[in-house]
Structure formats: structure tokens, C-alpha cells
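Trainee: Provided herewith is a single structure, encoded as C-alpha cells, for subsequent inquiry.
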Amino acid sequence: MQGEGGSFMITLSKDLIQITREQDVVTLRNRVKELAVKIGMSLLGQTKLITAASELVRNMLRYAGGGTVTLEVVLGDKVTGVRLTFADEGPGIADIGLAMQDGYTTGKSLGLGLPGAKRLVNEFSITSEVGKGTTVTVIRWKNGL
Amino acid sequence: MDRIPILKMGSFLLVTIQVDLYDRLALNLETDLIRMVSETNTRGVLIDISAVGLVDSFMGRILNNIATISRIVDAQTVVVGMQPAVAITLVELGLTLAGVHTALNVEKGMELLHKRLGSDAGGGGQLYDNSE
Ligand SMILES: Nc1ncnc2c1ncn2[C@@H]1O[C@H](COP(=O)(O)OP(=O)(O)O)[C@@H](O)[C@H]1O
Ligand SMILES: [Mg+2]
């Protein structure tokens with residue numbers, strides 16, 4: 001299996017969480033924390049990953065009315081990591097470049113969720129199609145900076 | 001109702017957050033604090049987040065709102081005990097707590113408030129009942 005940049009990556013475990021209501025945010029945070037602890041991620045790494053996950057799941061609920069999060073433990077180049085995929089079938093994002101800018105919001109909030117989440121993880125990718133939905137994938141490696 | 005108790009000590013309000021906040025709890029705290037700050041003679045608000053493992057932009061915004069309203073009625077807000085990992089993460093997220101002072105623990109936070117406000121503020125503890 002190919003990962004970002006064509007590097008080798010295999011999935012060691014995989015789990016799905018359906019996100020439909022506010023309480024699911026807390027469930028997701030706890031599951032992400034469990035996985036991060038399980039692979040031995042530092043407290044700082046865990047905190048960054050959980051915070052990024054919290055931003056992305058909040059977006060999914062708020063702008064798309066919910067979706068599915070896939071939680072995986074992956075093995076990359078000799079190191080394990082947690083990969084999270086947030087997939088929704090909401091309205092999509094017309095201009096991703098704009099949405100990725102600090103302070104840009106259509107929700108009267110801080111506009112830090114997407115750009116902030118990107119800074120908090122080691123790998124970040126987003127695809128979106130208007131009328132179809134949005135998918136955001138992030139990875140934090142066990143030893144990531 | 002889901003509420004975090006607010007302790008009134010003289011002209012200070014003390015809030016200790018013991019759990020990771022979910023949205024409803026955070027919003028209720030914002031409402032309660034803003035109401036108490038505007039209805040009572042409050043000079044300082046201390047929010048102890050030493051047990052909080054995550055502050056995202058939603059909760060950061062609530063802390064900023066509390067500080068903004070407090071400033072309008074001439075009260076100061078101090079967030080105490082923020083875990084180092086949470087503080088570093090907040091910076092990377094891009095969130096600045098505007099107008100929020102920070103201190104290591106409740107005691108240092110009290111000292112900071114006294115220093116900023118003069119010695120007449122603060123006093124004995126009394127539990128304000130904000131449960132409905
Ligand atoms: N899953 C999504 N579906 C549709 N639009 C989204 C989604 N996530 C983000 N957006 C759009 O991108 C903007 C920026 O998101 P974000 O950086 O999290 O800031 P905020 O949530 O504070 O607005 C949002 O205001 C919204 O317009
Ligand atoms: Mg957001």
C-alpha cells in the first residue's frame with residue numbers, strides 16, 4: 001500500500017465511528033487518545049492529535065451535519081502512527097485555499113480549525129467537491145515533531 | 001442540568017474545571033460566569049484548568065469571551081494551571097488568549113489578582129448556587 005509521497009504504509013488496525021451528535025465528539029476524542037497512548041505517543045503528541053481531531057470532527061458536525069471517522073494505526077517507514085480520516089457528505093468546500101487560511105470562517109467562529117489542525121499533525125490532506133462532501137486525512141507519527 | 005459550580009470569594013469568582021469540557025457544559029459555564037460577573041460586584045475571575053487535557057478553538061473562544069465581558073465590567077480574568085502540552089498546542093493551533101492572564105496555580109493566580117487590583121479585593125469562600 002502506498003502512503004503520502006509514495007512511501008510504504010500498512011494498516012495495523014482499523015475502526016470506524018459514526019458522528020451524528022455533539023456527544024460523539026467526546027467519544028471520538030477518547031478513542032483517539034486510547035490509540036495514541038497504545039502506540040506510545042508522547043503526551044504532547046497526543047494533545048496535538050486530539051486537538052486536531054476535535055477541530056475536524058466539529059467541522060464535520062457543524063458544516064456537514066455529521067459523517068464517519070476512520071481511526072487507524074498505521075506502520076510507515078519503521079514507525080507507527082495514528083491516521084484519522086474524516087469523511088462527510090455535506091455541502092463541500094468551494095475554495096479550499098481560502099478555507100485553509102487562518103481566520104477564514106463562514107461560521108462566525110475563529111477560522112482556525114483547518115489551518116490549525118494542519119499545523120498540529122505530520123501529514124494532512126483535504127479533498128472536497130461541492131454538493132458531494134469533504135474528506136480530511138491526518139497522520140501523527142509516534143515520534144513526530 | 002450540566003453545570004460547573006462557581007465559588008464566590010469576596011469579589012472573586014473561582015471555577016475549577018475537573019473534566020474535559022463538552023460543548024453544552026462549556027456554553028453553560030460561559031452563560032453563568034457572564035451573568036455573575038455582570039450581576040455581582042466581581043473584580044476577578046479565576047479559572048482552574050489544570051485537569052483539562054485539551055483546549056480547542058471552541059473552548060478558547062469561550063475563555064476569550066469570558067475575559068472580554070469581564071473587562072467591560074472592570075474585572076480581570078486569570079486562567080490557572082494550564083498543562084504545558086495544552087499551552088504549546090494552543091500556540092500551534094494559532095489561538096491567543098487575548099486579555100487573559102495566566103498563572104501556575106490558584107494561589108499564584110490570587111496573588112496576581114491582588115497585585116493588579118489592590119488589597120481590598122477577594123475574601124472568604126461562599127458557594128454560589130448556580131444550579132437551576
Ligand atoms: N466538513 C466541512 N464541510 C463544509 N465546509 C467546511 C467543512 N470544514 C470546514 N468548512 C468550511 O471551511 C471554513 C473554515 O473552517 P475552520 O478553519 O475550521 O474554521 P471555522 O470552523 O472556525 O469556520 C468553515 O467556516 C467552513 O466554511
Ligand atoms: Mg472549525
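Order determines the names: the first chain of the C-alpha cells is A, the second B, and so forth; residues in each chain are numbered 1 upward, and ligands are numbered 1 upward as they are shown.
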Please build the interface table for chain B against chain A with a cut-off of 12 Å, listing for each qualifying residue the nearest atom pair and the distance in Å to one decimal; count only C-alpha atoms, order rows by chain and increasing number, and write it as a Markdown table.

Mentor:
```
| residue | atom | partner | partner_atom | distance |
| --- | --- | --- | --- | --- |
| B:Val19 | CA | A:Val26 | CA | 11.1 |
| B:Asp20 | CA | A:Val26 | CA | 8.5 |
| B:Leu21 | CA | A:Val26 | CA | 8.7 |
| B:Tyr22 | CA | A:Val26 | CA | 6.7 |
| B:Asp23 | CA | A:Glu22 | CA | 7.4 |
| B:Arg24 | CA | A:Glu22 | CA | 8.7 |
| B:Leu25 | CA | A:Gln23 | CA | 11.4 |
| B:Val52 | CA | A:Thr47 | CA | 10.7 |
| B:Gly53 | CA | A:Thr47 | CA | 7.0 |
| B:Leu54 | CA | A:Thr51 | CA | 6.3 |
| B:Val55 | CA | A:Thr51 | CA | 7.0 |
| B:Asp56 | CA | A:Thr51 | CA | 5.7 |
| B:Ser57 | CA | A:Leu112 | CA | 6.8 |
| B:Phe58 | CA | A:Ser109 | CA | 7.9 |
| B:Met59 | CA | A:Glu55 | CA | 10.7 |
| B:Gly60 | CA | A:Leu110 | CA | 9.3 |
| B:Arg61 | CA | A:Leu110 | CA | 7.5 |
| B:Ile62 | CA | A:Ser109 | CA | 10.6 |
| B:Asn64 | CA | A:Leu110 | CA | 11.1 |
| B:Asn65 | CA | A:Ser109 | CA | 11.8 |
| B:Gln83 | CA | A:Leu44 | CA | 9.9 |
| B:Pro84 | CA | A:Leu44 | CA | 8.3 |
| B:Ala85 | CA | A:Leu44 | CA | 4.9 |
| B:Val86 | CA | A:Thr47 | CA | 6.6 |
| B:Ala87 | CA | A:Leu44 | CA | 9.8 |
| B:Ile88 | CA | A:Leu44 | CA | 8.1 |
| B:Thr89 | CA | A:Lys48 | CA | 5.6 |
| B:Leu90 | CA | A:Lys48 | CA | 8.8 |
| B:Val91 | CA | A:Gly116 | CA | 9.3 |
| B:Glu92 | CA | A:Arg119 | CA | 6.4 |
| B:Leu93 | CA | A:Gly116 | CA | 4.1 |
| B:Gly94 | CA | A:Gly116 | CA | 6.2 |
| B:Leu95 | CA | A:Leu112 | CA | 7.6 |
| B:Thr96 | CA | A:Leu110 | CA | 10.8 |
```

Trainee: Would you return as a list in words the members of segment 6-116 of chain B that DSSP assigns to strand (DSSP E or B) on this structure's backbone?

Mentor: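 Secondary structure check on segment 6-116 of chain B, strand (DSSP E or B): Ile6, Leu7, Lys8, Met9, Phe12, Leu13, Leu14, Val15, Thr16, Gly44, Val45, Leu46, Ile47, Asp48, Gln76, Thr77, Val78, Val79, Val80, Val100, His101, Thr102 and Ala103 of chain B.
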
Trainee: Just the residues within 9 Å of Gly133 of chain A, please, counting only C-alpha atoms, with nothing from its chain fewer than 2 positions along; format it as number ranges by chain.

Mentor: A: 64, 87-93, 127-131, 135

Trainee: Using N, CA and C atoms, can you write the selected residues to a file as a compact mmCIF listing (two decimals), in the first residue's frame?

Mentor:
```
# COMPACT_ATOMS: atom_id res chain seq x y z
N ALA A 64 -21.50 19.85 7.94
CA ALA A 64 -21.99 18.75 7.11
C ALA A 64 -23.03 17.90 7.84
N ALA A 87 -14.72 11.77 6.87
CA ALA A 87 -15.43 11.82 5.59
C ALA A 87 -16.88 12.21 5.81
N ASP A 88 -17.31 13.24 5.10
CA ASP A 88 -18.73 13.63 5.20
C ASP A 88 -19.34 13.78 3.82
N GLU A 89 -20.66 13.81 3.79
CA GLU A 89 -21.39 14.02 2.53
C GLU A 89 -22.14 15.32 2.60
N GLY A 90 -21.47 16.33 3.15
CA GLY A 90 -22.07 17.65 3.30
C GLY A 90 -21.94 18.48 2.03
N PRO A 91 -22.05 19.81 2.18
CA PRO A 91 -22.08 20.72 1.02
C PRO A 91 -20.74 20.86 0.31
N GLY A 92 -19.66 20.39 0.92
CA GLY A 92 -18.35 20.55 0.30
C GLY A 92 -17.81 21.96 0.48
N ILE A 93 -16.56 22.17 0.06
CA ILE A 93 -15.91 23.47 0.20
C ILE A 93 -15.52 23.95 -1.20
N THR A 127 -9.69 16.80 0.49
CA THR A 127 -10.32 16.83 -0.82
C THR A 127 -11.78 17.19 -0.60
N SER A 128 -12.36 17.94 -1.52
CA SER A 128 -13.73 18.35 -1.34
C SER A 128 -14.37 18.60 -2.69
N GLU A 129 -15.66 18.27 -2.77
CA GLU A 129 -16.38 18.53 -4.00
C GLU A 129 -17.73 19.14 -3.62
N VAL A 130 -18.02 20.29 -4.20
CA VAL A 130 -19.26 20.98 -3.86
C VAL A 130 -20.46 20.09 -4.18
N GLY A 131 -21.34 19.95 -3.20
CA GLY A 131 -22.53 19.12 -3.38
C GLY A 131 -22.30 17.65 -3.07
N THR A 135 -13.44 15.24 2.55
CA THR A 135 -12.66 14.23 3.27
C THR A 135 -11.33 14.85 3.69
```

Trainee: Find the distance between atom 15 (O, counted along the ligand's line) of ligand 1 and atom CA of Val82 of chain A and write it in Å to one decimal.

Mentor: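 Between atom 15 (O, counted along the ligand's line) of ligand 1 and atom CA of Val82 of chain A the gap works out to 22.4 Å.
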
Trainee: Which neighbours of Phe12 of chain B fall inside 7 Å, counting only C-alpha atoms, when residues of the same chain fewer than 5 positions from it are skipped, and could you give them as a ChimeraX atom specification?

Mentor: /B:42-45,122

Trainee: Output N, CA, C and O atoms for every residue in the selection just made, as a PDB file, in the first residue's frame.

Mentor:
```
ATOM      1  N   THR B  42     -17.941  41.779  40.877  1.00  0.00           N
ATOM      2  CA  THR B  42     -16.796  40.895  40.647  1.00  0.00           C
ATOM      3  C   THR B  42     -15.600  41.694  40.136  1.00  0.00           C
ATOM      4  O   THR B  42     -15.732  42.490  39.218  1.00  0.00           O
ATOM      5  N   ARG B  43     -14.446  41.468  40.755  1.00  0.00           N
ATOM      6  CA  ARG B  43     -13.235  42.148  40.296  1.00  0.00           C
ATOM      7  C   ARG B  43     -12.286  41.175  39.621  1.00  0.00           C
ATOM      8  O   ARG B  43     -11.421  41.579  38.857  1.00  0.00           O
ATOM      9  N   GLY B  44     -12.443  39.886  39.934  1.00  0.00           N
ATOM     10  CA  GLY B  44     -11.530  38.913  39.362  1.00  0.00           C
ATOM     11  C   GLY B  44     -12.204  37.567  39.107  1.00  0.00           C
ATOM     12  O   GLY B  44     -13.056  37.142  39.884  1.00  0.00           O
ATOM     13  N   VAL B  45     -11.827  36.910  38.003  1.00  0.00           N
ATOM     14  CA  VAL B  45     -12.343  35.577  37.687  1.00  0.00           C
ATOM     15  C   VAL B  45     -11.149  34.646  37.539  1.00  0.00           C
ATOM     16  O   VAL B  45     -10.245  34.904  36.744  1.00  0.00           O
ATOM     17  N   GLY B 122     -11.246  40.215  47.056  1.00  0.00           N
ATOM     18  CA  GLY B 122     -11.139  38.823  47.479  1.00  0.00           C
ATOM     19  C   GLY B 122     -11.480  38.646  48.940  1.00  0.00           C
ATOM     20  O   GLY B 122     -11.533  39.600  49.700  1.00  0.00           O
TER      21      GLY B 122
END
```

Trainee: Please extract the residues of chain B with a backbone DSSP assignment of helix (DSSP H, G or I) and present them as number ranges by chain.

Mentor: B: 23-39, 57-72, 84-93, 106-117
